[in-house]
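Data block for upload-v6.cif (mmCIF, C-alpha atoms):
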```
data_run
#
loop_
_atom_site.label_atom_id
_atom_site.label_comp_id
_atom_site.auth_asym_id
_atom_site.auth_seq_id
_atom_site.Cartn_x
_atom_site.Cartn_y
_atom_site.Cartn_z
CA MET R 1 11.61 -9.10 11.04
CA SER R 2 10.19 -5.92 12.46
CA ALA R 3 7.62 -6.11 15.23
CA ARG R 4 5.48 -3.87 13.00
CA LEU R 5 4.86 -6.73 10.58
CA ASP R 6 3.87 -10.34 11.22
CA PRO R 7 6.01 -12.53 8.91
CA ALA R 8 2.86 -14.40 7.85
CA ALA R 9 1.53 -11.18 6.31
CA LEU R 10 4.13 -11.38 3.55
CA ALA R 11 2.90 -14.64 2.02
CA LEU R 12 0.59 -13.10 -0.61
CA HIS R 13 0.86 -9.36 -1.20
CA LEU R 14 -1.89 -8.11 -3.52
CA VAL R 15 -1.08 -4.96 -5.49
CA THR R 16 -4.20 -3.24 -6.80
CA ASP R 17 -4.93 -2.11 -10.35
CA THR R 18 -8.15 -0.26 -11.16
CA ALA R 19 -8.07 -0.97 -14.91
CA LEU R 20 -7.50 -4.71 -14.45
CA SER R 21 -10.20 -4.89 -11.79
CA ALA R 22 -12.87 -3.21 -13.94
CA PRO R 23 -15.81 -3.40 -14.16
CA ARG R 24 -15.56 -4.52 -10.53
CA SER R 25 -14.49 -1.99 -7.92
CA VAL R 26 -11.03 -2.23 -6.38
CA PRO R 27 -12.44 -2.69 -2.83
CA ASP R 28 -14.61 -5.56 -4.07
CA VAL R 29 -11.67 -7.30 -5.75
CA VAL R 30 -9.50 -6.75 -2.68
CA ALA R 31 -12.14 -8.12 -0.32
CA ALA R 32 -12.56 -11.22 -2.47
CA ALA R 33 -8.79 -11.76 -2.67
CA VAL R 34 -8.42 -11.44 1.10
CA ALA R 35 -11.24 -13.94 1.56
CA GLY R 36 -9.26 -16.28 -0.71
CA GLY R 37 -6.06 -15.92 1.28
CA ALA R 38 -4.29 -12.66 0.34
CA THR R 39 -2.38 -11.59 3.43
CA MET R 40 -1.43 -7.99 2.60
CA VAL R 41 -2.64 -5.27 0.21
CA GLN R 42 -0.84 -2.43 -1.53
CA VAL R 43 -3.06 0.22 -3.10
CA ARG R 44 -1.27 1.43 -6.23
CA GLU R 45 -2.68 4.05 -8.60
CA LYS R 46 0.23 5.99 -10.08
CA HIS R 47 -1.80 8.66 -11.86
CA ALA R 48 -4.74 9.21 -9.51
CA PRO R 49 -5.22 12.69 -8.01
CA ALA R 50 -4.44 12.82 -4.30
CA ARG R 51 -8.09 13.26 -3.34
CA ASP R 52 -9.13 10.17 -5.33
CA LEU R 53 -6.24 8.09 -4.00
CA VAL R 54 -7.08 8.99 -0.40
CA ALA R 55 -10.70 7.98 -1.01
CA LEU R 56 -9.64 4.68 -2.57
CA LEU R 57 -7.16 3.90 0.20
CA VAL R 58 -9.73 4.65 2.87
CA ALA R 59 -12.33 2.49 1.10
CA VAL R 60 -9.95 -0.46 0.82
CA ALA R 61 -8.73 -0.10 4.40
CA GLU R 62 -12.27 0.08 5.73
CA ARG R 63 -13.06 -3.20 3.95
CA VAL R 64 -9.99 -5.25 4.90
CA GLY R 65 -7.56 -3.16 6.97
CA ARG R 66 -8.59 -4.75 10.25
CA ASP R 67 -7.83 -8.19 8.84
CA VAL R 68 -4.62 -7.63 6.83
CA PRO R 69 -2.07 -4.79 6.53
CA VAL R 70 -3.04 -2.21 3.89
CA LEU R 71 -0.28 -0.08 2.39
CA VAL R 72 -0.25 2.67 -0.23
CA ASP R 73 2.29 2.86 -3.01
CA ASP R 74 4.71 5.79 -2.86
CA ARG R 75 2.52 8.44 -1.20
CA ALA R 76 3.45 9.17 2.40
CA ASP R 77 1.08 12.15 2.29
CA VAL R 78 -1.82 9.91 1.30
CA TYR R 79 -0.93 7.44 4.07
CA LEU R 80 -1.01 10.26 6.63
CA ALA R 81 -4.27 11.64 5.25
CA ALA R 82 -5.98 8.24 5.42
CA ARG R 83 -4.73 7.74 8.96
CA ALA R 84 -6.01 11.19 9.90
CA ALA R 85 -9.40 10.14 8.50
CA GLY R 86 -9.38 7.19 10.89
CA ALA R 87 -8.74 4.44 8.34
CA PRO R 88 -6.76 1.38 9.48
CA VAL R 89 -3.86 1.89 7.06
CA ALA R 90 -0.57 0.17 7.94
CA GLY R 91 2.09 1.87 5.83
CA VAL R 92 3.76 2.77 2.55
CA HIS R 93 5.73 1.01 -0.18
CA VAL R 94 8.30 3.15 -2.00
CA GLY R 95 10.27 2.53 -5.17
CA GLN R 96 13.74 3.63 -6.19
CA SER R 97 12.41 6.77 -7.91
CA ASP R 98 9.91 7.65 -5.19
CA LEU R 99 10.41 9.43 -1.89
CA PRO R 100 13.80 8.44 -0.37
CA VAL R 101 13.12 5.62 2.05
CA GLU R 102 14.85 7.21 5.05
CA LEU R 103 12.76 10.35 4.56
CA ALA R 104 9.64 8.21 4.20
CA ARG R 105 10.41 6.60 7.56
CA ARG R 106 10.83 10.00 9.21
CA ILE R 107 7.56 11.26 7.72
CA CYS R 108 5.49 8.15 8.42
CA GLY R 109 6.89 7.52 11.88
CA PRO R 110 8.16 4.44 13.73
CA ASP R 111 4.89 2.50 13.66
CA ALA R 112 4.35 2.46 9.89
CA VAL R 113 5.16 -0.61 7.82
CA LEU R 114 7.62 0.46 5.13
CA GLY R 115 8.50 -1.56 2.04
CA LEU R 116 11.11 -0.77 -0.60
CA SER R 117 11.55 -1.95 -4.19
CA ALA R 118 15.03 -3.19 -5.05
CA ALA R 119 16.40 -5.22 -7.94
CA THR R 120 20.04 -4.50 -8.67
CA ALA R 121 23.07 -5.33 -6.54
CA PRO R 122 23.70 -1.64 -5.71
CA GLU R 123 20.05 -1.16 -4.68
CA LEU R 124 20.12 -4.26 -2.49
CA ASP R 125 23.41 -3.24 -0.92
CA ALA R 126 22.08 0.27 -0.25
CA ALA R 127 19.02 -1.23 1.45
CA ALA R 128 21.25 -3.44 3.59
CA ALA R 129 23.22 -0.37 4.67
CA LEU R 130 20.15 1.52 5.92
CA PRO R 131 19.81 2.04 9.68
CA PRO R 132 18.16 -0.99 11.29
CA GLY R 133 14.39 -0.68 11.36
CA THR R 134 14.16 1.67 8.38
CA VAL R 135 12.66 -0.94 6.04
CA ASP R 136 10.45 -3.90 6.91
CA TYR R 137 10.66 -5.82 3.63
CA LEU R 138 11.93 -5.56 0.05
CA GLY R 139 9.97 -6.05 -3.16
CA VAL R 140 12.47 -7.72 -5.49
CA GLY R 141 11.87 -7.97 -9.22
CA ALA R 142 10.60 -7.97 -11.80
CA VAL R 143 10.83 -11.75 -11.82
CA ARG R 144 9.29 -11.77 -15.30
CA ALA R 145 8.32 -9.08 -17.80
CA THR R 146 5.00 -7.50 -16.85
CA ARG R 147 2.68 -5.03 -18.52
CA THR R 148 1.53 -3.61 -15.19
CA LYS R 149 4.91 -1.90 -14.72
CA PRO R 150 6.39 -1.08 -18.15
CA ASP R 151 9.48 0.58 -16.64
CA HIS R 152 10.52 -2.50 -14.66
CA PRO R 153 14.22 -3.48 -14.64
CA GLU R 154 15.52 -6.38 -16.69
CA PRO R 155 13.62 -9.47 -15.50
CA LEU R 156 15.55 -11.49 -12.94
CA GLY R 157 13.99 -14.92 -13.38
CA VAL R 158 13.86 -17.29 -10.44
CA GLU R 159 17.63 -17.72 -10.39
CA GLY R 160 18.23 -13.97 -10.41
CA PHE R 161 15.71 -13.54 -7.61
CA ALA R 162 17.58 -16.15 -5.57
CA ARG R 163 20.86 -14.27 -6.04
CA ALA R 164 19.18 -11.00 -5.05
CA ALA R 165 17.51 -12.43 -1.94
CA ALA R 166 20.83 -13.90 -0.82
CA ARG R 167 22.37 -10.40 -0.69
CA THR R 168 20.13 -9.17 2.12
CA ALA R 169 18.83 -10.24 5.51
CA LEU R 170 15.59 -8.33 4.86
CA PRO R 171 12.57 -10.46 3.86
CA CYS R 172 12.05 -10.34 0.11
CA LEU R 173 8.80 -10.42 -1.85
CA ALA R 174 9.00 -11.69 -5.42
CA ILE R 175 7.20 -9.27 -7.73
CA GLY R 176 6.68 -8.83 -11.44
CA GLY R 177 4.82 -11.29 -13.63
CA VAL R 178 4.72 -13.92 -10.87
CA ARG R 179 2.68 -16.91 -11.99
CA VAL R 180 1.11 -19.59 -9.82
CA GLU R 181 3.53 -22.14 -11.27
CA ASP R 182 6.47 -19.99 -10.11
CA ALA R 183 5.40 -20.00 -6.45
CA ALA R 184 7.15 -23.13 -5.17
CA ALA R 185 10.41 -22.32 -6.95
CA LEU R 186 10.39 -18.76 -5.63
CA ARG R 187 9.82 -19.96 -2.07
CA ALA R 188 12.75 -22.36 -2.49
CA ALA R 189 14.77 -19.41 -3.84
CA GLY R 190 14.25 -17.51 -0.59
CA ALA R 191 11.05 -15.57 -1.18
CA ALA R 192 9.20 -14.57 1.99
CA GLY R 193 6.13 -14.10 -0.17
CA LEU R 194 4.69 -13.25 -3.56
CA ALA R 195 3.48 -9.85 -4.74
CA VAL R 196 0.82 -10.24 -7.41
CA VAL R 197 -1.08 -7.77 -9.59
CA SER R 198 -2.65 -9.16 -12.77
CA GLY R 199 -2.70 -12.78 -11.60
CA ILE R 200 -5.43 -11.77 -9.15
CA CYS R 201 -6.86 -8.43 -10.31
CA ALA R 202 -7.48 -9.62 -13.87
CA ASP R 203 -8.94 -12.96 -12.82
CA PRO R 204 -12.74 -13.23 -12.98
CA HIS R 205 -12.63 -14.97 -9.59
CA PRO R 206 -10.06 -13.17 -7.39
CA ALA R 207 -10.81 -15.27 -4.31
CA ALA R 208 -10.06 -18.49 -6.19
CA ALA R 209 -6.98 -16.90 -7.80
CA ALA R 210 -5.60 -15.85 -4.42
CA ALA R 211 -6.25 -19.32 -3.01
CA ARG R 212 -4.28 -20.89 -5.87
CA TYR R 213 -1.26 -18.69 -5.15
CA VAL R 214 -1.39 -19.40 -1.43
CA ARG R 215 -1.64 -23.15 -1.96
CA ALA R 216 1.18 -23.13 -4.50
CA PHE R 217 3.39 -21.11 -2.17
CA GLY R 218 2.75 -23.65 0.53
CA ARG R 219 0.94 -21.55 3.11
CA VAL R 220 -2.69 -22.54 3.28
CA PRO R 221 -5.06 -20.35 5.35
CA GLU R 222 -6.41 -22.08 8.44
CA GLU R 223 -10.00 -22.07 7.16
CA ALA R 224 -8.99 -23.71 3.87
CA ALA R 225 -6.89 -26.30 5.67
CA ARG R 226 -9.80 -27.54 7.75
#
```

The structure given in the file should be rewritten as structure tokens.
Amino acid sequence: MSARLDPAALALHLVTDTALSAPRSVPDVVAAAVAGGATMVQVREKHAPARDLVALLVAVAERVGRDVPVLVDDRADVYLAARAAGAPVAGVHVGQSDLPVELARRICGPDAVLGLSAATAPELDAAAALPPGTVDYLGVGAVRATRTKPDHPEPLGVEGFARAAARTALPCLAIGGVRVEDAAALRAAGAAGLAVVSGICADPHPAAAAARYVRAFGRVPEEAAR
């Protein structure tokens, strides 16, 4: 594990969705989820103009970025802009069709947290072959079919996730249609954490939803444990 990222931060990785969060604001949903136990946040808005995405990333980071790592999906330029604005933004998550991960590392610098999506054996093997320190974690999935990412690869299921995680020494987040009832099996399958979109963003009570995922995964926040 990279010194840039505390392993505990991987337990529950919230991926934002403006449409699913409505009529609540994304920063409000994120703040509630973090209060409930979310340990990391990825701001994802695939079709937002750069100006709007910077504003959203800054707003989310100002709410929770001093408590948990806040990343932005895909956009190294938006990460740099938010950092230049003084926001506590931790890094970037890139997919297979986004900016090449080695170039993202060069652009974002050695201190940025950098995540990479991977699902197939060639993608996992390519990630394993990267220079050490390029990537901090992998997002592996989709575990199940999900409407939040219509172009996801063929769902892996828990067994497929286990096979994928076994191919790499990098910590793996399970992503894609992950349900609360999947959490324990995914942890047993080698997941370092769960990445969740609709299971939290679409829930009327995101704090309670996040707490359910954390409990099911087996890592209860200190406050909840007391």

Evaluate the PyMOL selection byres ((chain R and resi 46) around 10) on the structure here and hand back the selected residues as a PyMOL selection string.
chain R and resi 17+43-45+47-49+53+73-75

For the structure shown, which residues end up in the PyMOL selection byres ((chain R and resi 125-127) around 10)? Put them as a PyMOL selection string, please?
chain R and resi 101+116-118+120-124+128-132+134-135+137-138+164+167-170

Residues matched by the PyMOL selection byres ((chain R and resi 192-204) around 9), written as an NGL selection string
:R and (7-22 or 26 or 29-30 or 33 or 139 or 146-148 or 171-180 or 183 or 186-187 or 190-191 or 205-210 or 213-214 or 217)

For the atom pair CA of Ala55 (chain R) and CA of Val92 (chain R), what is the interatomic distance in Å to one decimal place?
15.8 Å

Minimum-distance residue to Arg144 (chain R), chosen among R:Leu156, R:Val41, R:Leu5, R:Val54 (using all atoms listed in the file):
R:Leu156

Quick one: residues within 10 Å of region 107-109 of chain R, only C-alpha atoms counted, chain neighbours fewer than 3 positions away excluded, as a PDB file with C-alpha atoms, in the frame of the given file?
```
ATOM      1  CA  ALA R  76       3.450   9.170   2.400  1.00  0.00           C
ATOM      2  CA  ASP R  77       1.080  12.150   2.290  1.00  0.00           C
ATOM      3  CA  TYR R  79      -0.930   7.440   4.070  1.00  0.00           C
ATOM      4  CA  LEU R  80      -1.010  10.260   6.630  1.00  0.00           C
ATOM      5  CA  GLY R  91       2.090   1.870   5.830  1.00  0.00           C
ATOM      6  CA  VAL R  92       3.760   2.770   2.550  1.00  0.00           C
ATOM      7  CA  VAL R 101      13.120   5.620   2.050  1.00  0.00           C
ATOM      8  CA  GLU R 102      14.850   7.210   5.050  1.00  0.00           C
ATOM      9  CA  LEU R 103      12.760  10.350   4.560  1.00  0.00           C
ATOM     10  CA  ALA R 104       9.640   8.210   4.200  1.00  0.00           C
ATOM     11  CA  ALA R 112       4.350   2.460   9.890  1.00  0.00           C
ATOM     12  CA  VAL R 113       5.160  -0.610   7.820  1.00  0.00           C
ATOM     13  CA  LEU R 114       7.620   0.460   5.130  1.00  0.00           C
ATOM     14  CA  THR R 134      14.160   1.670   8.380  1.00  0.00           C
TER      15      THR R 134
END
```

Which value, in Å to one decimal, gives the distance between CA of Asp28 (chain R) and CA of Ala85 (chain R)?
20.8 Å

How would you write as a list in words the residues that get within 6 Å of (-1.0, -1.5, 3.4) in the file's frame, counting all atoms listed in the file?
Val41, Gln42, Pro69, Val70, Leu71, Val72, Val89, Ala90 and Gly91 of chain R

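If all atoms listed in the file are the atoms counted, then among R:Arg51, R:Arg106, R:Arg63, R:Arg163 the closest residue to Ala81 (chain R) is R:Arg51.
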
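You will find CA of Leu57 (chain R) at 24.7 Å from CA of Gly133 (chain R).
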